[in-house]
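Asker: Got a structure for you, written out below as structure tokens; questions coming shortly.
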Amino acid sequence: MIGRLDDALKMLAGQPSRRPGFSYQRPDTELSEQQRAKSASLMRVNHCGEVCAQALYHGQALTARDEKTRAHLLRAAEEEAQHLGWCQSRLDELNDHASHLNPLWYASSFSIGAVTGLLGNPINLGFVAATEEEVCKHIDRHLQEVPEQDLRSREILSAMRADELRHQSDALDQGGRIFPTWVKSLMALSSKAMTLSTRVL
């Protein structure tokens with residue numbers, strides 16, 4: 001609990017805890033300034049997405065109805081923290097910065113997660129599944145946008161996508177409710193607001 005509180009406070013202060021970088025299987029490639037800037041803006045969005053994911057899961061775990069669901073959420077949050085480290089290290093390599101809006105998005109996502117946890121396990125786990133479904137779509141779009149020469153960013157995004165897909169499947173297997181289309185559409189709008197705001201800020 002103390003460790004999670006420490007992570008949250010650092011996140012709200014704009015100084016998230018550092019995690020190990022990604023173990024690349026491919027060599028780095030030289031990028032033009034335009035390609036570097038493009039990749040950096042995309043990785044900044046993905047970094048913020050991982051900030052939001054941690055906040056959601058920590059909020060949901062706080063108000064979860066049973067220990068099994070809480071443990072599931074905290075395991076997922078730990079993997080999202082690993083993803084955050086990957087994105088941060090890639091931003092460092094690209095000589096760019098994380099979003100200045102991370103504290104705002106962390107606080108709002110934590111609040112949404114805490115409210116969701118109060119609605120019971122099927123809704124709580126269903127929210128995980130719906131969130132990860134949207135994240136996978138988001139990563140698919142980014143894989144199309146990342147410059148072909150940026151093999152390292154592509155490698156990170158592909159590894160993240162595999163983990164997010166597993167989170168979605170695990171949540172449904174544990175009794176998560178499948179959300180209706182209109183709810184998923186609202187979640188997609190929220191994701192779009194985050195994406196547009198963090199590409200440059």
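The chains in the structure tokens are called A, B, ... from first to last as shown; in each chain the residues are counted from 1, and the ligands are counted from 1 in the order shown.
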Which residues of stretch 108-178 of chain A come within 9 Å of stretch 79-94 of chain A, and what is each one's closest atom pair and distance in Å (one decimal), counting only C-alpha atoms, sorted by chain and residue number, as CSV?

Answerer:
residue,atom,partner,partner_atom,distance
A:Arg152,CA,A:Arg90,CA,8.0
A:Ser153,CA,A:Arg90,CA,7.1
A:Ile156,CA,A:Trp86,CA,7.0
A:Leu157,CA,A:Cys87,CA,8.9
A:Ala159,CA,A:His83,CA,8.9
A:Met160,CA,A:His83,CA,6.6
A:Asp163,CA,A:Glu79,CA,8.0
A:Glu164,CA,A:Glu80,CA,8.8

Asker: Atoms to include: C-alpha atoms. Write the selected residues as a short mmCIF file (atom, residue, chain, number, x, y, z; two decimals), in the first residue's frame.

Answerer:
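Written file, result.cif:
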data_model
loop_
_atom_site.label_atom_id
_atom_site.label_comp_id
_atom_site.auth_asym_id
_atom_site.auth_seq_id
_atom_site.Cartn_x
_atom_site.Cartn_y
_atom_site.Cartn_z
CA ARG A 152 12.35 -0.10 -31.49
CA SER A 153 9.07 1.74 -30.96
CA ILE A 156 7.64 -2.02 -27.70
CA LEU A 157 4.11 -1.43 -29.00
CA ALA A 159 4.87 -6.39 -26.82
CA MET A 160 2.46 -4.06 -25.04
CA ASP A 163 -0.05 -8.03 -22.70
CA GLU A 164 -3.16 -5.85 -23.08
#

Asker: What lies within 7 Å of A:His58 using only C-alpha atoms, ignoring chain neighbours under 6 positions off, as a VMD selection string?

Answerer: chain A and resid 74 77 110

Asker: Could the residues in this selection be written to a file with N, CA and C atoms, as a PDB file, in the first residue's frame?

Answerer:
ATOM      1  N   LEU A  74      -4.277  -5.629  -9.338  1.00  0.00           N
ATOM      2  CA  LEU A  74      -2.932  -5.184  -8.949  1.00  0.00           C
ATOM      3  C   LEU A  74      -1.849  -5.844  -9.800  1.00  0.00           C
ATOM      4  N   ALA A  77      -1.924  -3.917 -12.956  1.00  0.00           N
ATOM      5  CA  ALA A  77      -1.323  -2.600 -12.744  1.00  0.00           C
ATOM      6  C   ALA A  77       0.196  -2.692 -12.737  1.00  0.00           C
ATOM      7  N   PHE A 110      -7.964   7.600 -11.816  1.00  0.00           N
ATOM      8  CA  PHE A 110      -8.075   6.956 -10.510  1.00  0.00           C
ATOM      9  C   PHE A 110      -9.503   7.104  -9.972  1.00  0.00           C
TER      10      PHE A 110
END

Asker: Go through stretch 59-185 of chain A and collect every residue that DSSP, computed from the backbone, puts in alpha helix (DSSP H); the answer should be as a PDB file with C-alpha atoms, in the first residue's frame.

Answerer:
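Dumped to part22.pdb:
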ATOM      1  CA  GLY A  59      -8.659   2.951  -8.191  1.00  0.00           C
ATOM      2  CA  GLN A  60     -10.579  -0.206  -9.042  1.00  0.00           C
ATOM      3  CA  ALA A  61      -8.465  -2.285  -6.658  1.00  0.00           C
ATOM      4  CA  LEU A  62      -9.105   0.186  -3.849  1.00  0.00           C
ATOM      5  CA  THR A  63     -12.857  -0.387  -3.958  1.00  0.00           C
ATOM      6  CA  GLU A  67      -9.502 -10.176  -2.731  1.00  0.00           C
ATOM      7  CA  LYS A  68      -9.364 -12.259  -5.916  1.00  0.00           C
ATOM      8  CA  THR A  69     -10.485  -9.346  -8.065  1.00  0.00           C
ATOM      9  CA  ARG A  70      -8.215  -6.967  -6.184  1.00  0.00           C
ATOM     10  CA  ALA A  71      -5.218  -9.255  -6.755  1.00  0.00           C
ATOM     11  CA  HIS A  72      -6.048  -9.504 -10.462  1.00  0.00           C
ATOM     12  CA  LEU A  73      -6.206  -5.732 -10.791  1.00  0.00           C
ATOM     13  CA  LEU A  74      -2.932  -5.184  -8.949  1.00  0.00           C
ATOM     14  CA  ARG A  75      -1.138  -7.743 -11.121  1.00  0.00           C
ATOM     15  CA  ALA A  76      -2.380  -5.948 -14.218  1.00  0.00           C
ATOM     16  CA  ALA A  77      -1.323  -2.600 -12.744  1.00  0.00           C
ATOM     17  CA  GLU A  78       2.180  -3.957 -12.158  1.00  0.00           C
ATOM     18  CA  GLU A  79       2.459  -4.961 -15.807  1.00  0.00           C
ATOM     19  CA  GLU A  80       1.215  -1.523 -16.845  1.00  0.00           C
ATOM     20  CA  ALA A  81       3.969  -0.048 -14.666  1.00  0.00           C
ATOM     21  CA  GLN A  82       6.448  -2.118 -16.663  1.00  0.00           C
ATOM     22  CA  HIS A  83       4.953  -0.759 -19.882  1.00  0.00           C
ATOM     23  CA  LEU A  84       5.327   2.726 -18.459  1.00  0.00           C
ATOM     24  CA  GLY A  85       9.036   2.078 -17.957  1.00  0.00           C
ATOM     25  CA  TRP A  86       9.360   0.909 -21.553  1.00  0.00           C
ATOM     26  CA  CYS A  87       7.642   4.025 -22.879  1.00  0.00           C
ATOM     27  CA  GLN A  88       9.701   6.316 -20.640  1.00  0.00           C
ATOM     28  CA  SER A  89      12.987   4.753 -21.733  1.00  0.00           C
ATOM     29  CA  ARG A  90      11.990   5.070 -25.384  1.00  0.00           C
ATOM     30  CA  LEU A  91      11.106   8.730 -24.876  1.00  0.00           C
ATOM     31  CA  ASP A  92      14.544   9.219 -23.318  1.00  0.00           C
ATOM     32  CA  GLU A  93      16.154   7.549 -26.323  1.00  0.00           C
ATOM     33  CA  ASN A 102      -0.020  13.165 -16.747  1.00  0.00           C
ATOM     34  CA  PRO A 103      -1.001  14.293 -13.210  1.00  0.00           C
ATOM     35  CA  LEU A 104      -4.418  15.442 -14.473  1.00  0.00           C
ATOM     36  CA  TRP A 105      -5.060  12.201 -16.341  1.00  0.00           C
ATOM     37  CA  TYR A 106      -3.841  10.089 -13.417  1.00  0.00           C
ATOM     38  CA  ALA A 107      -6.192  11.813 -10.960  1.00  0.00           C
ATOM     39  CA  SER A 108      -9.232  11.593 -13.246  1.00  0.00           C
ATOM     40  CA  SER A 109      -8.562   7.947 -14.160  1.00  0.00           C
ATOM     41  CA  PHE A 110      -8.075   6.956 -10.510  1.00  0.00           C
ATOM     42  CA  SER A 111     -11.440   8.533  -9.643  1.00  0.00           C
ATOM     43  CA  ILE A 112     -13.191   6.691 -12.475  1.00  0.00           C
ATOM     44  CA  GLY A 113     -11.588   3.441 -11.376  1.00  0.00           C
ATOM     45  CA  ALA A 114     -12.626   3.888  -7.757  1.00  0.00           C
ATOM     46  CA  VAL A 115     -16.258   4.514  -8.755  1.00  0.00           C
ATOM     47  CA  THR A 116     -16.221   1.509 -11.083  1.00  0.00           C
ATOM     48  CA  GLY A 117     -14.973  -0.752  -8.298  1.00  0.00           C
ATOM     49  CA  ASN A 121     -17.066  -7.484  -9.735  1.00  0.00           C
ATOM     50  CA  PRO A 122     -18.808  -8.097 -13.100  1.00  0.00           C
ATOM     51  CA  ILE A 123     -18.758  -4.371 -13.885  1.00  0.00           C
ATOM     52  CA  ASN A 124     -15.275  -3.905 -12.440  1.00  0.00           C
ATOM     53  CA  LEU A 125     -13.760  -6.708 -14.518  1.00  0.00           C
ATOM     54  CA  GLY A 126     -15.886  -5.791 -17.531  1.00  0.00           C
ATOM     55  CA  PHE A 127     -14.428  -2.307 -17.403  1.00  0.00           C
ATOM     56  CA  VAL A 128     -10.938  -3.841 -17.546  1.00  0.00           C
ATOM     57  CA  ALA A 129     -11.900  -5.857 -20.616  1.00  0.00           C
ATOM     58  CA  ALA A 130     -13.483  -2.882 -22.371  1.00  0.00           C
ATOM     59  CA  THR A 131     -10.521  -0.650 -21.537  1.00  0.00           C
ATOM     60  CA  GLU A 132      -8.011  -3.166 -22.871  1.00  0.00           C
ATOM     61  CA  GLU A 133     -10.078  -3.643 -26.030  1.00  0.00           C
ATOM     62  CA  GLU A 134      -9.841   0.090 -26.675  1.00  0.00           C
ATOM     63  CA  VAL A 135      -6.112   0.087 -25.870  1.00  0.00           C
ATOM     64  CA  CYS A 136      -5.485  -2.660 -28.442  1.00  0.00           C
ATOM     65  CA  LYS A 137      -7.309  -0.643 -31.096  1.00  0.00           C
ATOM     66  CA  HIS A 138      -5.285   2.402 -30.097  1.00  0.00           C
ATOM     67  CA  ILE A 139      -1.991   0.504 -30.395  1.00  0.00           C
ATOM     68  CA  ASP A 140      -3.032  -0.887 -33.787  1.00  0.00           C
ATOM     69  CA  ARG A 141      -3.544   2.671 -35.023  1.00  0.00           C
ATOM     70  CA  HIS A 142      -0.153   3.717 -33.679  1.00  0.00           C
ATOM     71  CA  LEU A 143       1.582   0.773 -35.321  1.00  0.00           C
ATOM     72  CA  GLN A 144       0.275   2.117 -38.610  1.00  0.00           C
ATOM     73  CA  GLU A 145       1.551   5.622 -37.825  1.00  0.00           C
ATOM     74  CA  LEU A 151      11.909  -0.648 -35.225  1.00  0.00           C
ATOM     75  CA  ARG A 152      12.353  -0.104 -31.486  1.00  0.00           C
ATOM     76  CA  SER A 153       9.074   1.743 -30.962  1.00  0.00           C
ATOM     77  CA  ARG A 154       7.308  -0.895 -33.034  1.00  0.00           C
ATOM     78  CA  GLU A 155       8.811  -3.655 -30.921  1.00  0.00           C
ATOM     79  CA  ILE A 156       7.640  -2.015 -27.696  1.00  0.00           C
ATOM     80  CA  LEU A 157       4.113  -1.434 -29.004  1.00  0.00           C
ATOM     81  CA  SER A 158       3.791  -5.031 -30.219  1.00  0.00           C
ATOM     82  CA  ALA A 159       4.873  -6.393 -26.823  1.00  0.00           C
ATOM     83  CA  MET A 160       2.457  -4.061 -25.042  1.00  0.00           C
ATOM     84  CA  ARG A 161      -0.402  -5.146 -27.295  1.00  0.00           C
ATOM     85  CA  ALA A 162       0.147  -8.805 -26.433  1.00  0.00           C
ATOM     86  CA  ASP A 163      -0.048  -8.025 -22.704  1.00  0.00           C
ATOM     87  CA  GLU A 164      -3.158  -5.848 -23.079  1.00  0.00           C
ATOM     88  CA  LEU A 165      -4.926  -8.558 -25.075  1.00  0.00           C
ATOM     89  CA  ARG A 166      -4.172 -11.033 -22.289  1.00  0.00           C
ATOM     90  CA  HIS A 167      -5.522  -8.613 -19.656  1.00  0.00           C
ATOM     91  CA  GLN A 168      -8.765  -8.382 -21.648  1.00  0.00           C
ATOM     92  CA  SER A 169      -9.100 -12.159 -21.947  1.00  0.00           C
ATOM     93  CA  ASP A 170      -8.293 -12.753 -18.261  1.00  0.00           C
ATOM     94  CA  ALA A 171     -10.891 -10.204 -17.122  1.00  0.00           C
ATOM     95  CA  LEU A 172     -13.629 -11.848 -19.186  1.00  0.00           C
ATOM     96  CA  ASP A 173     -12.604 -15.327 -18.021  1.00  0.00           C
ATOM     97  CA  THR A 181     -21.483  -0.668 -27.733  1.00  0.00           C
ATOM     98  CA  TRP A 182     -22.645   2.745 -26.510  1.00  0.00           C
ATOM     99  CA  VAL A 183     -20.528   2.455 -23.347  1.00  0.00           C
ATOM    100  CA  LYS A 184     -17.488   1.476 -25.398  1.00  0.00           C
ATOM    101  CA  SER A 185     -18.139   4.486 -27.647  1.00  0.00           C
TER     102      SER A 185
END

Asker: For atom CA of A:Ala53 and atom CA of A:Thr195, quote the distance in Å rounded to one decimal.

Answerer: 13.7 Å

Asker: What's the 8 Å shell around A:Glu30, counting only C-alpha atoms, without same-chain residues fewer than 2 positions away, as a ChimeraX atom specification?

Answerer: /A:28,32,149

Asker: Write the residues of the selection above to a file with C-alpha atoms, as a CSV table (one decimal), in the first residue's frame.

Answerer:
chain,number,residue,atom,x,y,z
A,28,ASP,CA,18.5,0.8,-33.1
A,32,SER,CA,15.4,11.8,-39.4
A,149,GLN,CA,12.4,2.8,-39.7

Asker: What is the atom CA of A:Leu42 to atom CA of A:Phe179 distance in Å?

Answerer: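 So the two atoms, atom CA of A:Leu42 and atom CA of A:Phe179, lie 27.7 Å apart.
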